[in-house]
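A.B. asks: Sending over a structure as structure tokens; questions will come in a sec.
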Amino acid sequence: MIQLKNLSKSYRVDGKDIPALKRIDLNIEAGEIFGVIGHSGAGKSTLIRLINLLERPSGGTVLLGDIDLTTLSTAELRLERQKIGMIFQHFNLLSAKTVANNIAFPLQVAGRLNKTEIQQRVAQLLELVGLSEHADKYPAQLSGGQKQRVGIARALANNPKLLLCDEATSALDPQTTQSVLQLLLEINQKLKLTIVLITHEMDVIRTVCDRVAVIDGGETVEMGPVTQVFLHPKHPTTRRFVFESEHVDENKQFEDFAHVPGKIVRLTFIGESTYKSLLGDMARDFGIDFSILAGRIERIKGTACGQLTLAFTGADSGIAAALARFTAEGIDFEELRAC
């Protein structure tokens with residue numbers, strides 16, 4: 001659906017080129033929700049503006065399907081942009097227009113539908129985002145979540161193939177954030193729409209995204225399926241995001257375990273294995289004991305998963321046999337401390 005090849009962007013500041021993005025390579029598949037996460041200043045908002053060429057890259061190419069957007073004329077680019085919807089952190093609604101007229105605006109600009117067709121399309125979109133009864137209200141009369149729903153409806157007006165979300169939930173409270181994320185999930189599934197979602201919140205990525213790229217210092221430092229990146233973060237920036245979302249100090253997480261005897265192991269469960277009664281079975285089968293030091297069970301975009309940090313005590317052979325059983329059951333483990 002989207003290919004970014006060797007994409008870079010620099011800004012001229014006081015006579016010097018300051019890089020914002022460096023050699024970004026991304027392939028985003030049709031129909032997936034792809035997340036891009038990074039701290040403030042990492043370059044993620046620049047990246048999303050390069051995808052629809054609101055900003056021109058300093059180098060590299062942006063392919064939408066088989067069309068290189070960087071080679072198009074202004075008129076050609078304007079037509080291609082109608083295939084790309086965008087929603088913003090601060091809604092960007094027209095305050096003097098009603099909800100219905102805000103949604104109708106891009107249809108009027110495109111000029112492909114008559115007045116009756118525009119009214120029908122607006123009614124469909126209002127129903128899709130759950131705002132049919134608010135059609136004649138103005139943005140000032142709406143809550144933040146309702147404003148963002150208007151923004152989503154407006155972005156969908158021209159039946160885009162791609163929806164770009166630039167920190168779409170950052171201005172919303174947690175409960176409203178979840179309702180907007182669920183709406184994006186429904187739109188993705190119902191319309192088979194590809195969504196690229198920029199955020200600095202790991203919980204947003206965990207809730208709706210299929211894959212994620214982690215941006216730091218203008219570079220992609222880690223990328224993969226959300227379950228893999230979230231449960232097995234490799235780069236320090238990714239690890240920081242994960243531990244921040246869990247309110248854990250990574251540097252101090254094992255201080256309380258110093259007095260605990262045994263081999264300390266972190267187990268990772270995904271899917272059906274999350275609910276199997278393996279620990280009790282292995283303690284009985286191999287004559288070992290275990291203490292649960294930390295753990296969590298949750299869902300990542302509907303997939304059950306969990307991690308447990310355990311201290312195993314008993315014969316080395318029994319512990320080794322238990323770990324081999326975990327491997328046979330498809331459960332990953334990481335040894336954090338030997339006996």
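Ordering of the structure tokens sets the chain letters (A, B, ...), residue numbers begin anew at 1 in every chain, and ligands are numbered from 1 in the order given.
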Mind the document's chain letters and residue numbers, and return as a PyMOL selection string the residues of segment 116-228 of chain A that DSSP labels strand (DSSP E or B).
C.D. replies: chain A and resi 162-166+194-199+211-216+219-225
A.B. asks: Next, write the just-selected residues to a file, as a PDB file, in the first residue's frame, keeping N, CA and C atoms as the atom set.
C.D. replies:
ATOM      1  N   LEU A 162      -6.457   5.455   2.299  1.00  0.00           N
ATOM      2  CA  LEU A 162      -5.500   5.572   3.388  1.00  0.00           C
ATOM      3  C   LEU A 162      -5.963   6.664   4.346  1.00  0.00           C
ATOM      4  N   LEU A 163      -5.868   6.390   5.658  1.00  0.00           N
ATOM      5  CA  LEU A 163      -6.207   7.369   6.678  1.00  0.00           C
ATOM      6  C   LEU A 163      -4.981   7.613   7.541  1.00  0.00           C
ATOM      7  N   LEU A 164      -4.546   8.874   7.606  1.00  0.00           N
ATOM      8  CA  LEU A 164      -3.406   9.275   8.430  1.00  0.00           C
ATOM      9  C   LEU A 164      -3.924   9.928   9.704  1.00  0.00           C
ATOM     10  N   CYS A 165      -3.417   9.488  10.843  1.00  0.00           N
ATOM     11  CA  CYS A 165      -3.862  10.005  12.142  1.00  0.00           C
ATOM     12  C   CYS A 165      -2.663  10.592  12.879  1.00  0.00           C
ATOM     13  N   ASP A 166      -2.637  11.909  13.007  1.00  0.00           N
ATOM     14  CA  ASP A 166      -1.515  12.592  13.649  1.00  0.00           C
ATOM     15  C   ASP A 166      -1.871  12.921  15.093  1.00  0.00           C
ATOM     16  N   THR A 194      -6.656   1.233   5.161  1.00  0.00           N
ATOM     17  CA  THR A 194      -5.317   1.258   5.733  1.00  0.00           C
ATOM     18  C   THR A 194      -5.179   2.501   6.602  1.00  0.00           C
ATOM     19  N   ILE A 195      -4.662   2.330   7.819  1.00  0.00           N
ATOM     20  CA  ILE A 195      -4.525   3.445   8.745  1.00  0.00           C
ATOM     21  C   ILE A 195      -3.074   3.533   9.209  1.00  0.00           C
ATOM     22  N   VAL A 196      -2.518   4.729   9.149  1.00  0.00           N
ATOM     23  CA  VAL A 196      -1.199   5.010   9.730  1.00  0.00           C
ATOM     24  C   VAL A 196      -1.430   5.945  10.903  1.00  0.00           C
ATOM     25  N   LEU A 197      -0.984   5.530  12.075  1.00  0.00           N
ATOM     26  CA  LEU A 197      -1.317   6.221  13.314  1.00  0.00           C
ATOM     27  C   LEU A 197      -0.032   6.658  14.014  1.00  0.00           C
ATOM     28  N   ILE A 198       0.106   7.971  14.192  1.00  0.00           N
ATOM     29  CA  ILE A 198       1.264   8.539  14.874  1.00  0.00           C
ATOM     30  C   ILE A 198       0.888   8.830  16.320  1.00  0.00           C
ATOM     31  N   THR A 199       1.745   8.434  17.260  1.00  0.00           N
ATOM     32  CA  THR A 199       1.424   8.667  18.665  1.00  0.00           C
ATOM     33  C   THR A 199       2.702   8.621  19.502  1.00  0.00           C
ATOM     34  N   ARG A 211       1.130  -3.541  13.391  1.00  0.00           N
ATOM     35  CA  ARG A 211       2.596  -3.429  13.429  1.00  0.00           C
ATOM     36  C   ARG A 211       2.961  -2.017  13.878  1.00  0.00           C
ATOM     37  N   VAL A 212       4.214  -1.862  14.301  1.00  0.00           N
ATOM     38  CA  VAL A 212       4.651  -0.573  14.819  1.00  0.00           C
ATOM     39  C   VAL A 212       6.106  -0.331  14.431  1.00  0.00           C
ATOM     40  N   ALA A 213       6.408   0.938  14.156  1.00  0.00           N
ATOM     41  CA  ALA A 213       7.789   1.381  13.978  1.00  0.00           C
ATOM     42  C   ALA A 213       8.107   2.369  15.096  1.00  0.00           C
ATOM     43  N   VAL A 214       9.254   2.209  15.717  1.00  0.00           N
ATOM     44  CA  VAL A 214       9.701   3.112  16.778  1.00  0.00           C
ATOM     45  C   VAL A 214      10.717   4.079  16.174  1.00  0.00           C
ATOM     46  N   ILE A 215      10.443   5.380  16.316  1.00  0.00           N
ATOM     47  CA  ILE A 215      11.300   6.420  15.751  1.00  0.00           C
ATOM     48  C   ILE A 215      12.053   7.111  16.877  1.00  0.00           C
ATOM     49  N   ASP A 216      13.342   7.280  16.691  1.00  0.00           N
ATOM     50  CA  ASP A 216      14.146   8.004  17.676  1.00  0.00           C
ATOM     51  C   ASP A 216      15.243   8.761  16.936  1.00  0.00           C
ATOM     52  N   GLU A 219      15.319   8.405  13.129  1.00  0.00           N
ATOM     53  CA  GLU A 219      15.612   7.108  12.526  1.00  0.00           C
ATOM     54  C   GLU A 219      14.667   6.040  13.065  1.00  0.00           C
ATOM     55  N   THR A 220      14.438   5.010  12.262  1.00  0.00           N
ATOM     56  CA  THR A 220      13.667   3.855  12.710  1.00  0.00           C
ATOM     57  C   THR A 220      14.589   2.941  13.498  1.00  0.00           C
ATOM     58  N   VAL A 221      14.321   2.774  14.797  1.00  0.00           N
ATOM     59  CA  VAL A 221      15.215   1.984  15.643  1.00  0.00           C
ATOM     60  C   VAL A 221      14.677   0.584  15.910  1.00  0.00           C
ATOM     61  N   GLU A 222      13.376   0.378  15.691  1.00  0.00           N
ATOM     62  CA  GLU A 222      12.794  -0.956  15.891  1.00  0.00           C
ATOM     63  C   GLU A 222      11.459  -1.013  15.150  1.00  0.00           C
ATOM     64  N   MET A 223      11.134  -2.188  14.614  1.00  0.00           N
ATOM     65  CA  MET A 223       9.890  -2.327  13.860  1.00  0.00           C
ATOM     66  C   MET A 223       9.474  -3.787  13.862  1.00  0.00           C
ATOM     67  N   GLY A 224       8.152  -4.022  13.890  1.00  0.00           N
ATOM     68  CA  GLY A 224       7.654  -5.383  13.822  1.00  0.00           C
ATOM     69  C   GLY A 224       6.223  -5.471  14.308  1.00  0.00           C
ATOM     70  N   PRO A 225       5.678  -6.693  14.409  1.00  0.00           N
ATOM     71  CA  PRO A 225       4.343  -6.876  14.981  1.00  0.00           C
ATOM     72  C   PRO A 225       4.282  -6.306  16.393  1.00  0.00           C
TER      73      PRO A 225
END
A.B. asks: Excluding Ala171 of chain A and its own-chain neighbours fewer than 4 positions away, which residues fall within 10 Å of it when counting only C-alpha atoms? Please give them as a PDB file with C-alpha atoms, in the first residue's frame.
C.D. replies:
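Heads up, here's the output in result29.pdb:
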ATOM      1  CA  PHE A  88      -5.387  15.914  13.507  1.00  0.00           C
ATOM      2  CA  GLN A  89      -4.665  16.235  17.193  1.00  0.00           C
ATOM      3  CA  HIS A  90      -6.587  19.527  17.527  1.00  0.00           C
ATOM      4  CA  PHE A  91      -9.435  18.622  15.134  1.00  0.00           C
ATOM      5  CA  GLY A 144     -13.578  16.785  22.341  1.00  0.00           C
ATOM      6  CA  GLY A 145     -14.484  13.229  21.404  1.00  0.00           C
ATOM      7  CA  GLN A 148     -12.669  14.161  16.662  1.00  0.00           C
ATOM      8  CA  GLU A 167      -1.725  12.230  17.454  1.00  0.00           C
ATOM      9  CA  THR A 176     -12.828   9.199  25.137  1.00  0.00           C
ATOM     10  CA  THR A 177      -9.525   7.970  23.708  1.00  0.00           C
TER      11      THR A 177
END
A.B. asks: Write out as number ranges by chain the residues lying within 10 Å of Arg81 of chain A, counting only C-alpha atoms and excluding same-chain residues fewer than 6 positions away.
C.D. replies: A: 51-54, 69, 158, 160-162
A.B. asks: Just write the chosen residues, all heavy atoms, as a PDB file, in the first residue's frame.
C.D. replies:
ATOM      1  N   ILE A  51       4.208  11.628   4.056  1.00  0.00           N
ATOM      2  CA  ILE A  51       3.462  10.574   3.361  1.00  0.00           C
ATOM      3  C   ILE A  51       2.473  11.170   2.365  1.00  0.00           C
ATOM      4  O   ILE A  51       2.292  10.638   1.273  1.00  0.00           O
ATOM      5  CB  ILE A  51       2.751   9.654   4.376  1.00  0.00           C
ATOM      6  CG1 ILE A  51       3.791   8.852   5.167  1.00  0.00           C
ATOM      7  CG2 ILE A  51       1.782   8.710   3.672  1.00  0.00           C
ATOM      8  CD1 ILE A  51       3.197   7.965   6.259  1.00  0.00           C
ATOM      9  N   ASN A  52       1.818  12.280   2.751  1.00  0.00           N
ATOM     10  CA  ASN A  52       0.897  12.911   1.798  1.00  0.00           C
ATOM     11  C   ASN A  52       1.491  14.169   1.173  1.00  0.00           C
ATOM     12  O   ASN A  52       0.782  14.950   0.534  1.00  0.00           O
ATOM     13  CB  ASN A  52      -0.452  13.216   2.456  1.00  0.00           C
ATOM     14  CG  ASN A  52      -0.323  14.161   3.624  1.00  0.00           C
ATOM     15  OD1 ASN A  52       0.751  14.653   3.933  1.00  0.00           O
ATOM     16  ND2 ASN A  52      -1.436  14.411   4.303  1.00  0.00           N
ATOM     17  N   LEU A  53       2.795  14.339   1.367  1.00  0.00           N
ATOM     18  CA  LEU A  53       3.553  15.451   0.786  1.00  0.00           C
ATOM     19  C   LEU A  53       3.014  16.831   1.173  1.00  0.00           C
ATOM     20  O   LEU A  53       3.094  17.775   0.394  1.00  0.00           O
ATOM     21  CB  LEU A  53       3.660  15.314  -0.739  1.00  0.00           C
ATOM     22  CG  LEU A  53       4.992  14.691  -1.216  1.00  0.00           C
ATOM     23  CD1 LEU A  53       5.094  13.239  -0.787  1.00  0.00           C
ATOM     24  CD2 LEU A  53       5.155  14.830  -2.701  1.00  0.00           C
ATOM     25  N   LEU A  54       2.441  16.931   2.385  1.00  0.00           N
ATOM     26  CA  LEU A  54       2.224  18.260   2.937  1.00  0.00           C
ATOM     27  C   LEU A  54       3.571  18.945   3.122  1.00  0.00           C
ATOM     28  O   LEU A  54       3.664  20.176   3.129  1.00  0.00           O
ATOM     29  CB  LEU A  54       1.478  18.168   4.272  1.00  0.00           C
ATOM     30  CG  LEU A  54      -0.009  17.811   4.184  1.00  0.00           C
ATOM     31  CD1 LEU A  54      -0.603  17.674   5.567  1.00  0.00           C
ATOM     32  CD2 LEU A  54      -0.779  18.843   3.365  1.00  0.00           C
ATOM     33  N   LEU A  69       4.624   9.637  -5.367  1.00  0.00           N
ATOM     34  CA  LEU A  69       4.025  10.949  -5.148  1.00  0.00           C
ATOM     35  C   LEU A  69       5.029  12.080  -5.344  1.00  0.00           C
ATOM     36  O   LEU A  69       4.640  13.209  -5.687  1.00  0.00           O
ATOM     37  CB  LEU A  69       3.430  11.031  -3.738  1.00  0.00           C
ATOM     38  CG  LEU A  69       2.315  10.047  -3.389  1.00  0.00           C
ATOM     39  CD1 LEU A  69       1.765  10.342  -1.988  1.00  0.00           C
ATOM     40  CD2 LEU A  69       1.191  10.090  -4.414  1.00  0.00           C
ATOM     41  N   ASN A 158     -14.240  11.475   1.004  1.00  0.00           N
ATOM     42  CA  ASN A 158     -13.957  11.138  -0.397  1.00  0.00           C
ATOM     43  C   ASN A 158     -13.560   9.672  -0.607  1.00  0.00           C
ATOM     44  O   ASN A 158     -12.901   9.347  -1.592  1.00  0.00           O
ATOM     45  CB  ASN A 158     -12.854  12.057  -0.940  1.00  0.00           C
ATOM     46  CG  ASN A 158     -13.378  13.442  -1.277  1.00  0.00           C
ATOM     47  OD1 ASN A 158     -14.365  13.588  -2.001  1.00  0.00           O
ATOM     48  ND2 ASN A 158     -12.727  14.464  -0.728  1.00  0.00           N
ATOM     49  N   PRO A 160     -11.332   7.591   0.957  1.00  0.00           N
ATOM     50  CA  PRO A 160      -9.883   7.417   0.779  1.00  0.00           C
ATOM     51  C   PRO A 160      -9.471   5.959   0.929  1.00  0.00           C
ATOM     52  O   PRO A 160     -10.173   5.146   1.542  1.00  0.00           O
ATOM     53  CB  PRO A 160      -9.297   8.268   1.904  1.00  0.00           C
ATOM     54  CG  PRO A 160     -10.336   8.214   2.978  1.00  0.00           C
ATOM     55  CD  PRO A 160     -11.650   8.240   2.247  1.00  0.00           C
ATOM     56  N   LYS A 161      -8.294   5.635   0.381  1.00  0.00           N
ATOM     57  CA  LYS A 161      -7.698   4.323   0.576  1.00  0.00           C
ATOM     58  C   LYS A 161      -6.868   4.281   1.853  1.00  0.00           C
ATOM     59  O   LYS A 161      -6.594   3.213   2.395  1.00  0.00           O
ATOM     60  CB  LYS A 161      -6.785   3.990  -0.608  1.00  0.00           C
ATOM     61  CG  LYS A 161      -7.478   3.885  -1.952  1.00  0.00           C
ATOM     62  CD  LYS A 161      -6.445   3.568  -3.030  1.00  0.00           C
ATOM     63  CE  LYS A 161      -7.095   3.448  -4.408  1.00  0.00           C
ATOM     64  NZ  LYS A 161      -6.074   3.181  -5.463  1.00  0.00           N
ATOM     65  N   LEU A 162      -6.457   5.455   2.299  1.00  0.00           N
ATOM     66  CA  LEU A 162      -5.500   5.572   3.388  1.00  0.00           C
ATOM     67  C   LEU A 162      -5.963   6.664   4.346  1.00  0.00           C
ATOM     68  O   LEU A 162      -6.394   7.741   3.922  1.00  0.00           O
ATOM     69  CB  LEU A 162      -4.117   5.928   2.821  1.00  0.00           C
ATOM     70  CG  LEU A 162      -3.006   6.299   3.797  1.00  0.00           C
ATOM     71  CD1 LEU A 162      -2.638   5.110   4.672  1.00  0.00           C
ATOM     72  CD2 LEU A 162      -1.787   6.798   3.022  1.00  0.00           C
TER      73      LEU A 162
END
A.B. asks: Fewer than 2 positions away in the same chain doesn't count, so skip those; otherwise give me all residues within 7 Å of Leu4 of chain A, counting only C-alpha atoms, as a PDB file with N, CA, C and O atoms, in the first residue's frame.
C.D. replies:
ATOM      1  N   ILE A   2       1.812   1.332   0.938  1.00  0.00           N
ATOM      2  CA  ILE A   2       2.716   2.476   1.041  1.00  0.00           C
ATOM      3  C   ILE A   2       4.141   1.959   1.167  1.00  0.00           C
ATOM      4  O   ILE A   2       4.415   1.057   1.963  1.00  0.00           O
ATOM      5  N   ASN A   6      14.257   5.145   1.651  1.00  0.00           N
ATOM      6  CA  ASN A   6      15.397   6.027   1.925  1.00  0.00           C
ATOM      7  C   ASN A   6      14.939   7.474   2.126  1.00  0.00           C
ATOM      8  O   ASN A   6      15.574   8.416   1.648  1.00  0.00           O
ATOM      9  N   LEU A   7      13.842   7.632   2.849  1.00  0.00           N
ATOM     10  CA  LEU A   7      13.217   8.936   2.999  1.00  0.00           C
ATOM     11  C   LEU A   7      13.970   9.780   4.030  1.00  0.00           C
ATOM     12  O   LEU A   7      14.292   9.306   5.125  1.00  0.00           O
ATOM     13  N   ILE A  24      14.624   6.697   6.156  1.00  0.00           N
ATOM     14  CA  ILE A  24      13.490   5.907   6.622  1.00  0.00           C
ATOM     15  C   ILE A  24      13.043   4.948   5.516  1.00  0.00           C
ATOM     16  O   ILE A  24      12.787   5.357   4.387  1.00  0.00           O
ATOM     17  N   ASP A  25      12.953   3.659   5.849  1.00  0.00           N
ATOM     18  CA  ASP A  25      12.425   2.637   4.944  1.00  0.00           C
ATOM     19  C   ASP A  25      11.269   1.941   5.647  1.00  0.00           C
ATOM     20  O   ASP A  25      11.464   1.294   6.680  1.00  0.00           O
ATOM     21  N   LEU A  26      10.061   2.069   5.075  1.00  0.00           N
ATOM     22  CA  LEU A  26       8.878   1.425   5.644  1.00  0.00           C
ATOM     23  C   LEU A  26       8.023   0.838   4.533  1.00  0.00           C
ATOM     24  O   LEU A  26       7.872   1.448   3.471  1.00  0.00           O
ATOM     25  N   ASN A  27       7.471  -0.342   4.779  1.00  0.00           N
ATOM     26  CA  ASN A  27       6.456  -0.930   3.905  1.00  0.00           C
ATOM     27  C   ASN A  27       5.202  -1.135   4.740  1.00  0.00           C
ATOM     28  O   ASN A  27       5.232  -1.852   5.749  1.00  0.00           O
ATOM     29  N   THR A  61      11.829   8.426  -1.757  1.00  0.00           N
ATOM     30  CA  THR A  61      10.577   8.340  -2.500  1.00  0.00           C
ATOM     31  C   THR A  61       9.430   7.918  -1.589  1.00  0.00           C
ATOM     32  O   THR A  61       9.636   7.238  -0.577  1.00  0.00           O
ATOM     33  N   VAL A  62       8.211   8.331  -1.976  1.00  0.00           N
ATOM     34  CA  VAL A  62       6.977   7.951  -1.297  1.00  0.00           C
ATOM     35  C   VAL A  62       6.069   7.314  -2.342  1.00  0.00           C
ATOM     36  O   VAL A  62       5.590   7.990  -3.252  1.00  0.00           O
ATOM     37  N   LEU A  63       5.847   6.004  -2.214  1.00  0.00           N
ATOM     38  CA  LEU A  63       5.004   5.286  -3.163  1.00  0.00           C
ATOM     39  C   LEU A  63       3.656   4.991  -2.533  1.00  0.00           C
ATOM     40  O   LEU A  63       3.582   4.376  -1.457  1.00  0.00           O
TER      41      LEU A  63
END
A.B. asks: Taking only C-alpha atoms into account, which of A:Glu76, A:Glu186, A:Asp66, A:Glu329 comes nearest Val208 of chain A?
C.D. replies: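 Residue with the minimum atom-to-atom distance to Val208 of chain A: A:Glu186.
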A.B. asks: Identify which of the residues A:Ala168, A:Val129, A:Ala304, A:Cys209 lies closest to Leu183 of chain A, counting only C-alpha atoms when measuring atom-to-atom distances.
C.D. replies: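 Selected residue with least distance to Leu183 of chain A: A:Val129.
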A.B. asks: Which is closer to Ala311 of chain A than all the others in A:Gly287, A:Gly218, A:Ala338, A:Ile264, using only C-alpha atoms?
C.D. replies: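 Of all the options, A:Ile264 lies closest to Ala311 of chain A.
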A.B. asks: Looking at A:Ile297, A:Leu156, A:Leu64, A:Val265, which one is nearest to Met86 of chain A, with distances taken over only C-alpha atoms?
C.D. replies: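 Among A:Ile297, A:Leu156, A:Leu64, A:Val265, it is A:Leu156 that comes nearest to Met86 of chain A.
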A.B. asks: With distances taken over only C-alpha atoms, which residue among A:Pro233, A:Gly59, A:Gly318, A:Gly330 lies nearest Phe269 of chain A?
C.D. replies: A:Gly330
A.B. asks: Which residue, A:Asn188, A:Ser179, A:Thr98, A:Gln108, has the smallest gap to Ala30 of chain A when you use only C-alpha atoms?
C.D. replies: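 Checking each candidate against Ala30 of chain A, we get A:Asn188 as the closest.
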A.B. asks: Just give me the gap between atom CA of Ala315 of chain A and atom CA of Ser291 of chain A in Å, one decimal is fine.
C.D. replies: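 For atom CA of Ala315 of chain A relative to atom CA of Ser291 of chain A, the distance reads 15.2 Å.
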A.B. asks: Write out as a PyMOL selection string all residues of segment 27-153 of chain A that DSSP puts in helix (DSSP H, G or I) for this structure's backbone.
C.D. replies: chain A and resi 44-51+69-71+74-81+99-110+115-128+132-134+139-141+144-153
A.B. asks: Could you tell me how far atom CA of Leu231 of chain A sits from atom CA of Gln3 of chain A, in Å to one decimal place?
C.D. replies: 26.3 Å
A.B. asks: Report, in Å with one decimal, the straight-line distance from atom CA of Phe333 of chain A to atom CA of Gln307 of chain A.
C.D. replies: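 Separation between atom CA of Phe333 of chain A and atom CA of Gln307 of chain A: 9.3 Å.
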A.B. asks: Determine, counting only C-alpha atoms, which protein, DNA and RNA residues have an atom within 10 Å of an atom of Asp136 of chain A; residues of the same chain fewer than 5 positions away are not included. Present the result as a PyMOL selection string.
C.D. replies: chain A and resi 97-101
